[in-house]
Amino acid sequence: MTVMLERPTIDGNDPRRFEDLCRALDELNVPDGFKAEIIRANIVVSPWSKAYYLDVMDLICDQMRAHLPGGHRISSAPALYVFPGIERAYGPDVHAADGRTRRTTSRHLDGEGLSFIAELTSASTRDADLVDKVERYGKAGVPVYLLLDMQEDSATVFWSPTTKGYESHLTVPFGKDILIPAPFNCTLSTEGFQAPFGYDED
């Protein structure tokens, strides 16, 4: 289930309107087990991941940790990254960023510090992960975006961000290795990313 809290549509780049949304998000009483993001000028509340998604997130962090750029850290802990330039605020499933990005008392982390993001789709977030976030993470300059399509059992890595989005991508089925490009230059195994036998999304 995804709940969208309607806000006025943002026309063009209006920092004040985006700041208003950020303040409204801070004041929102989000139920336990849910997270809130700003997507397409709306505050969107979605449930946290299924239990086995946590194992997949750990597998990503474990493999990527040795390949992080100097001073960067990776985590799957809840965090909200703001991107004023593209008027979005996302809470990625896995995020690697310069450690200095965390040295703040704010609840909002600077999206410019990110080097890597991984999102795991669910029935409620799939459209945003496949469309809005692919475009916006690229426009925001996030070097690498890993999209795990949990409904299709596939992994897609996007890289070479531009002002129009990502220029390059590669898709493999779960169970295969996938190359994670610069600044990581490593291979990620997707073995074990599949749902447990008999799992039903509904």
# chains A, B, ... in the order shown; residues from 1 in each chain; ligands from 1
call {"tool": "select_by_dssp", "arguments": {"residues": "segment 23-184 of chain A", "states": "helix (DSSP H, G or I)", "output": "VMD selection string"}}
result
chain A and resid 23 to 27 51 to 67 84 to 86 99 to 102 111 to 113 126 to 140
call {"tool": "residues_around", "arguments": {"residues": "Cys186 of chain A", "least_positions_apart": "6", "cutoff": "9 Å", "atoms": "only C-alpha atoms", "output": "PyMOL selection string"}}
result
chain A and resi 64+67+178-180
call {"tool": "residues_around", "arguments": {"residues": "His169 of chain A", "least_positions_apart": "4", "cutoff": "8 Å", "atoms": "only C-alpha atoms", "output": "ChimeraX atom specification"}}
result
/A:156-159
call {"tool": "select_by_dssp", "arguments": {"residues": "segment 120-164 of chain A", "states": "strand (DSSP E or B)", "output": "PyMOL selection string"}}
result
chain A and resi 120+144-149+154-162
call {"tool": "write_last_selection", "arguments": {"atoms": "C-alpha atoms", "output": "compact mmCIF listing (two decimals), in the first residue's frame"}}
result
# COMPACT_ATOMS: atom_id res chain seq x y z
CA LEU A 120 14.45 -2.95 -4.27
CA VAL A 144 25.72 4.48 -9.70
CA TYR A 145 22.10 3.37 -9.25
CA LEU A 146 21.38 -0.33 -8.78
CA LEU A 147 17.75 -1.25 -9.38
CA LEU A 148 16.65 -4.67 -8.17
CA ASP A 149 13.35 -5.64 -9.76
CA SER A 154 16.50 -8.97 -12.37
CA ALA A 155 19.20 -6.44 -11.52
CA THR A 156 19.90 -3.32 -13.57
CA VAL A 157 22.85 -1.03 -12.93
CA PHE A 158 22.75 2.56 -14.24
CA TRP A 159 25.82 4.77 -14.57
CA SER A 160 27.22 7.82 -16.40
CA PRO A 161 24.75 10.38 -15.01
CA THR A 162 23.89 13.45 -17.12
call {"tool": "atom_distance", "arguments": {"atom1": "atom CA of Tyr137 of chain A", "atom2": "atom CA of Gln151 of chain A"}}
result
21.4 Å
call {"tool": "closest_residue", "arguments": {"among": "A:Gly192, A:Pro143, A:Gly91, A:Gly175", "to": "Ser75 of chain A", "atoms": "only C-alpha atoms"}}
result
A:Gly91
call {"tool": "residues_around", "arguments": {"residues": "Ser122 of chain A", "least_positions_apart": "3", "cutoff": "7 Å", "atoms": "only C-alpha atoms", "output": "list in words"}}
result
Thr125, Arg126 and Met150 of chain A
call {"tool": "residues_around", "arguments": {"residues": "Pro92 of chain A", "least_positions_apart": "6", "cutoff": "7 Å", "atoms": "only C-alpha atoms", "output": "PDB file with N, CA and C atoms, in the first residue's frame"}}
result
ATOM      1  N   ILE A 117      23.469   4.031  -4.876  1.00  0.00           N
ATOM      2  CA  ILE A 117      22.129   3.781  -4.335  1.00  0.00           C
ATOM      3  C   ILE A 117      21.634   2.458  -4.896  1.00  0.00           C
ATOM      4  N   ALA A 118      20.958   1.677  -4.063  1.00  0.00           N
ATOM      5  CA  ALA A 118      20.247   0.489  -4.527  1.00  0.00           C
ATOM      6  C   ALA A 118      18.804   0.586  -4.044  1.00  0.00           C
ATOM      7  N   GLU A 119      17.883   0.318  -4.945  1.00  0.00           N
ATOM      8  CA  GLU A 119      16.464   0.271  -4.609  1.00  0.00           C
ATOM      9  C   GLU A 119      15.923  -1.112  -4.954  1.00  0.00           C
TER      10      GLU A 119
END
call {"tool": "residues_around", "arguments": {"residues": "Leu80 of chain A", "least_positions_apart": "3", "cutoff": "9 Å", "atoms": "only C-alpha atoms", "output": "MDAnalysis selection string"}}
result
chainID A and resid 36:37 89:92 107:111
call {"tool": "residues_around", "arguments": {"residues": "Arg100 of chain A", "least_positions_apart": "4", "cutoff": "9 Å", "atoms": "only C-alpha atoms", "output": "list in words"}}
result
Gly71, His72, Thr104 and Gly113 of chain A
